[in-house]
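Take a look at the structure below.
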Amino acid sequence: MPSKPVNGEQRGWIIPIGGAEDKETNPRILARFVELSGGADADIVVIPTASRLKESGPRYEELFRGMGAPRVDVLDFDTRRDCQEEGRLARLAEASGIFFTGGNQLRLSTILGGTQVARCIRSRNAQGVTVAGTSAGAGFLSEHMIAFGTEGSSPRASSVRLAPGLGLTNRFVIDQHFRQRDRLGRLTAALGYNPFAIGIGLDEDTAAFISPDDTLEVEGSGAVTVVDAHDLQFSSMAQAGEDDPVCLLGLGVHILIAGATFNLHTRRASAGRLATRKT
């Protein structure tokens, strides 16, 4: 379950990124993460556990240092035993920003799930620490995680398999590389299984910056597709066979680009700074 802020503290930002974010030409997503983590005082921990590529962690360490963060450390967790080490937990307790790289989200859930590390990160976010993840790292942030699934625009009962994620919030379920990999079907199938959640489909080089008051603002060059099942009128998920298409009536869909917002409390979308006033 998500940790709750105590003693008047404000929860930290949650930043899922759709993957393949611009790291060179206009790295505005990563730069804003550094700024929200403290800017010139940022103390960042990079967790590359999702990836099997040794360069993943050091690459982000180099990027964040180049953006002005004075302290950046890579903490990898290869086994669940690693998640019990007091030194690693103490380092997480010092961080002002925590960043999960991409890779395979099941490596994150099976290695970190239910450990002291997961509890520590939830607690730190409740205390105001910014937590971000890209690609698989984005999918892992919420309580309901898409473990894997099939591509395609139509939902089917077999389109998606869900697993427990980190649990920073239970308000939404994330899917990444959204437009590039045609994942509308598996995101809507996830909502067929769990209509309580709000579906957030993240294009590449696009992020949802979710503020402490649960307002989502889009940053990046692509779009965020918000699918809201709050007013779902009918679902055939319960009687659908594995490969059968699923009927879902009453879904709300919003396509947001940089500057647009969505309030996760009221479930209302806004053009945000995109709106222009007539004079």
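All residue names refer to the structure tokens as shown: chains lettered A, B, ... in order, residues numbered from 1 in each chain, ligands numbered from 1 in order.
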List every residue of region 2-248 of chain A that DSSP, applied to the backbone of this structure, places in strand (DSSP E or B), and write the result as a JSON list (two decimals) with C-alpha atoms, in the first residue's frame.
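selection10.json written:
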[["chain", "number", "residue", "atom", "x", "y", "z"],
["A", 14, "ILE", "CA", 6.08, 10.84, -9.03],
["A", 15, "ILE", "CA", 7.46, 10.93, -12.59],
["A", 16, "PRO", "CA", 6.82, 8.01, -14.98],
["A", 17, "ILE", "CA", 8.61, 8.44, -18.32],
["A", 43, "ASP", "CA", 21.26, 14.02, -4.08],
["A", 44, "ILE", "CA", 20.22, 11.31, -6.55],
["A", 45, "VAL", "CA", 20.23, 7.52, -6.41],
["A", 46, "VAL", "CA", 19.97, 5.63, -9.71],
["A", 47, "ILE", "CA", 18.58, 2.08, -9.54],
["A", 71, "ARG", "CA", 25.92, 13.85, -5.76],
["A", 72, "VAL", "CA", 24.73, 10.88, -7.83],
["A", 73, "ASP", "CA", 25.25, 7.24, -6.89],
["A", 74, "VAL", "CA", 24.23, 4.02, -8.63],
["A", 97, "GLY", "CA", 15.65, 11.96, -5.84],
["A", 98, "ILE", "CA", 15.40, 8.29, -6.85],
["A", 99, "PHE", "CA", 15.48, 7.15, -10.48],
["A", 100, "PHE", "CA", 14.67, 3.71, -11.95],
["A", 130, "THR", "CA", 10.98, 12.73, -5.92],
["A", 131, "VAL", "CA", 10.77, 9.27, -7.52],
["A", 132, "ALA", "CA", 11.00, 8.77, -11.29],
["A", 133, "GLY", "CA", 11.30, 5.83, -13.64],
["A", 134, "THR", "CA", 11.70, 5.41, -17.36],
["A", 144, "HIS", "CA", -0.87, -2.19, -10.25],
["A", 145, "MET", "CA", 1.88, -3.01, -12.78],
["A", 146, "ILE", "CA", 1.56, -4.30, -16.32],
["A", 147, "ALA", "CA", 3.96, -7.26, -16.28],
["A", 148, "PHE", "CA", 3.67, -8.06, -19.99],
["A", 149, "GLY", "CA", 1.11, -8.35, -22.76],
["A", 156, "ARG", "CA", -8.64, -8.96, -25.33],
["A", 160, "VAL", "CA", -2.30, -8.12, -20.47],
["A", 161, "ARG", "CA", -0.92, -9.73, -17.36],
["A", 162, "LEU", "CA", -0.79, -7.69, -14.17],
["A", 163, "ALA", "CA", 1.56, -7.97, -11.19],
["A", 164, "PRO", "CA", 2.12, -5.95, -8.01],
["A", 172, "PHE", "CA", -3.25, 4.65, -11.95],
["A", 173, "VAL", "CA", -1.67, 1.94, -14.09],
["A", 174, "ILE", "CA", 1.13, 2.85, -16.50],
["A", 175, "ASP", "CA", 1.98, 1.64, -19.98],
["A", 198, "ILE", "CA", -6.82, 5.38, -14.35],
["A", 199, "GLY", "CA", -4.83, 4.23, -17.38],
["A", 200, "ILE", "CA", -1.84, 6.35, -18.38],
["A", 201, "GLY", "CA", -0.22, 5.55, -21.74],
["A", 202, "LEU", "CA", 3.13, 7.27, -22.18],
["A", 206, "THR", "CA", 7.20, 11.93, -22.81],
["A", 207, "ALA", "CA", 6.62, 12.05, -19.06],
["A", 208, "ALA", "CA", 3.77, 12.54, -16.62],
["A", 209, "PHE", "CA", 4.93, 14.84, -13.83],
["A", 210, "ILE", "CA", 2.54, 14.03, -10.99],
["A", 215, "THR", "CA", -2.18, 16.88, -10.72],
["A", 216, "LEU", "CA", -0.56, 15.26, -13.75],
["A", 217, "GLU", "CA", 1.27, 17.57, -16.14],
["A", 218, "VAL", "CA", 2.76, 16.39, -19.42],
["A", 219, "GLU", "CA", 6.33, 17.12, -20.47],
["A", 220, "GLY", "CA", 8.17, 15.98, -23.59],
["A", 223, "ALA", "CA", 1.54, 12.55, -25.87],
["A", 224, "VAL", "CA", 0.04, 10.97, -22.80],
["A", 225, "THR", "CA", -3.16, 9.00, -23.36],
["A", 226, "VAL", "CA", -5.37, 9.02, -20.26],
["A", 227, "VAL", "CA", -8.05, 6.33, -20.17],
["A", 228, "ASP", "CA", -10.61, 6.73, -17.38],
["A", 234, "PHE", "CA", -20.54, -2.32, -19.22],
["A", 235, "SER", "CA", -17.63, -4.76, -19.45],
["A", 245, "PRO", "CA", -12.24, -9.19, -27.83],
["A", 248, "LEU", "CA", -15.98, -1.82, -22.70]]
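Distances to Leu108 (chain A) were evaluated for A:Ile121, A:Leu53, A:Ala95, A:Leu166 using only C-alpha atoms, and the minimum falls at A:Leu166.
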Region 113-116 of chain A: which residues within 12 Å, counting only C-alpha atoms, same-chain residues fewer than 6 positions away excluded, as a tab-separated table (two decimals) with N, CA and C atoms, in the first residue's frame?
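Result file follows (part25.tsv):
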chain	number	residue	atom	x	y	z
A	1	MET	N	0.84	-1.19	0.00
A	1	MET	CA	0.00	0.00	0.00
A	1	MET	C	0.87	1.25	0.00
A	77	PHE	N	20.66	-3.72	-7.43
A	77	PHE	CA	20.21	-4.81	-6.57
A	77	PHE	C	20.06	-6.05	-7.45
A	79	THR	N	20.06	-9.29	-6.12
A	79	THR	CA	19.35	-10.33	-5.39
A	79	THR	C	18.50	-9.68	-4.30
A	80	ARG	N	17.56	-10.44	-3.78
A	80	ARG	CA	16.74	-9.94	-2.69
A	80	ARG	C	17.57	-9.75	-1.42
A	81	ARG	N	18.66	-10.50	-1.29
A	81	ARG	CA	19.54	-10.31	-0.14
A	81	ARG	C	20.16	-8.92	-0.15
A	82	ASP	N	20.46	-8.41	-1.35
A	82	ASP	CA	21.01	-7.05	-1.46
A	82	ASP	C	20.08	-6.02	-0.82
A	83	CYS	N	18.78	-6.30	-0.87
A	83	CYS	CA	17.79	-5.35	-0.39
A	83	CYS	C	17.73	-5.26	1.13
A	84	GLN	N	18.52	-6.08	1.81
A	84	GLN	CA	18.55	-6.05	3.27
A	84	GLN	C	19.79	-5.33	3.82
A	85	GLU	N	20.71	-4.94	2.91
A	85	GLU	CA	21.96	-4.35	3.36
A	85	GLU	C	21.73	-2.96	3.94
A	86	GLU	N	22.19	-2.76	5.15
A	86	GLU	CA	21.95	-1.50	5.86
A	86	GLU	C	22.60	-0.32	5.15
A	88	ARG	N	23.00	0.22	1.93
A	88	ARG	CA	22.18	0.63	0.79
A	88	ARG	C	20.92	1.35	1.26
A	89	LEU	N	20.32	0.82	2.32
A	89	LEU	CA	19.13	1.47	2.87
A	89	LEU	C	19.47	2.85	3.41
A	90	ALA	N	20.63	2.97	4.04
A	90	ALA	CA	21.05	4.28	4.56
A	90	ALA	C	21.28	5.27	3.42
A	92	LEU	N	19.71	5.27	0.49
A	92	LEU	CA	18.38	5.68	0.02
A	92	LEU	C	17.76	6.71	0.96
A	93	ALA	N	18.02	6.56	2.24
A	93	ALA	CA	17.45	7.48	3.23
A	93	ALA	C	18.03	8.88	3.12
A	105	GLN	N	10.46	-4.85	-16.18
A	105	GLN	CA	9.81	-4.50	-14.91
A	105	GLN	C	9.64	-5.69	-13.98
A	106	LEU	N	9.62	-6.92	-14.53
A	106	LEU	CA	9.52	-8.08	-13.66
A	106	LEU	C	10.80	-8.29	-12.84
A	107	ARG	N	11.93	-7.84	-13.34
A	107	ARG	CA	13.15	-7.88	-12.51
A	107	ARG	C	12.99	-6.96	-11.30
A	122	ARG	N	8.91	3.88	-0.73
A	122	ARG	CA	7.55	4.39	-0.51
A	122	ARG	C	7.54	5.42	0.62
A	123	SER	N	8.25	5.12	1.68
A	123	SER	CA	8.30	6.04	2.81
A	123	SER	C	8.99	7.34	2.44
A	124	ARG	N	10.07	7.25	1.68
A	124	ARG	CA	10.80	8.47	1.28
A	124	ARG	C	9.94	9.34	0.37
A	140	PHE	N	6.74	0.22	-13.10
A	140	PHE	CA	6.89	-0.34	-11.76
A	140	PHE	C	6.40	0.58	-10.65
A	141	LEU	N	6.23	1.87	-10.92
A	141	LEU	CA	6.01	2.84	-9.85
A	141	LEU	C	4.67	2.67	-9.14
A	142	SER	N	3.63	2.26	-9.84
A	142	SER	CA	2.30	2.20	-9.23
A	142	SER	C	2.06	0.86	-8.56
A	143	GLU	N	0.95	0.75	-7.86
A	143	GLU	CA	0.61	-0.49	-7.17
A	143	GLU	C	0.23	-1.60	-8.14
A	145	MET	N	0.85	-3.07	-11.74
A	145	MET	CA	1.88	-3.01	-12.78
A	145	MET	C	1.53	-3.93	-13.93
A	163	ALA	N	0.80	-7.52	-12.36
A	163	ALA	CA	1.56	-7.97	-11.19
A	163	ALA	C	1.65	-6.80	-10.22
A	164	PRO	N	1.94	-7.05	-8.96
A	164	PRO	CA	2.12	-5.95	-8.01
A	164	PRO	C	3.37	-5.13	-8.35
A	165	GLY	N	3.24	-3.81	-8.30
A	165	GLY	CA	4.37	-2.93	-8.52
A	165	GLY	C	4.90	-2.37	-7.21
A	166	LEU	N	5.63	-1.27	-7.29
A	166	LEU	CA	6.24	-0.65	-6.12
A	166	LEU	C	5.20	-0.14	-5.14
A	167	GLY	N	4.12	0.46	-5.67
A	167	GLY	CA	3.03	0.90	-4.80
A	167	GLY	C	3.15	2.32	-4.29
For this session: With a distance cut-off of 7 Å and only C-alpha atoms, select the neighbouring residues of Glu204 (chain A), excluding the residue or stretch itself and same-chain residues fewer than 2 positions from it, and output the selection as a count of residues only.
Result: 8
Exercise. Skipping near chain neighbours, those fewer than 4 positions away, what residues fall within 8 Å of Ser51 (chain A) using only C-alpha atoms, listed as a list of chain:residue names?
Worked result: A:Ser56, A:Thr101, A:Gly102, A:Gly103, A:Asn104
Output C-alpha atoms for every residue in the selection just made, as a CSV table (one decimal), in the first residue's frame.
chain,number,residue,atom,x,y,z
A,56,SER,CA,22.7,1.8,-17.8
A,101,THR,CA,16.1,2.9,-15.4
A,102,GLY,CA,14.4,0.9,-18.1
A,103,GLY,CA,14.8,-2.8,-18.8
A,104,ASN,CA,12.4,-5.5,-17.5
For this session: Within region 54-237 of chain A, find each residue whose DSSP state, derived from the backbone, is alpha helix (DSSP H), and express the selection as JSON, numbers by chain.
Result: {"A": [56, 57, 58, 59, 60, 61, 62, 63, 64, 65, 66, 86, 87, 88, 89, 90, 91, 92, 93, 94, 105, 106, 107, 108, 109, 110, 111, 112, 116, 117, 118, 119, 120, 121, 122, 123, 124, 125, 126, 136, 137, 138, 139, 184, 185, 186, 187, 188, 189, 190, 191, 192, 193]}
Seminar exercise, completed: Correct to one decimal, the distance CA of Gly272 (chain A)-CA of Arg183 (chain A) is 26.0 Å
For this session: To one decimal in Å, tell me the separation between CA of Asp22 (chain A) and CA of Gly39 (chain A).
Result: 18.9 Å
Problem set entry | Distance query Gly66 (chain A) at most 12 Å, only C-alpha atoms, self and fewer than 5 positions along chain excluded, as a list of chain:residue names | A:Lys23, A:Glu24, A:Pro27, A:Leu30, A:Ala31, A:Val34, A:Gly39, A:Ala40, A:Arg59, A:Tyr60, A:Glu61, A:Arg71, A:Val72
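Residue nearest Ala197 (chain A), chosen from A:Glu9, A:Asp231, A:Asp243, A:Asp213 and counting only C-alpha atoms: A:Asp231.
Candidate residues A:Ala42, A:Ala50, A:Leu112, A:Ile257 were compared for distance to Arg65 (chain A), and the nearest is A:Ala42, using only C-alpha atoms.
Between Pro195 (chain A) and the candidates A:His254, A:Arg181, A:His230, A:Arg171, the tightest atom-to-atom separation, counting only C-alpha atoms, involves A:His230.
As for CA of Gln176 (chain A) and CA of Gly137 (chain A), they are spaced 9.5 Å apart.
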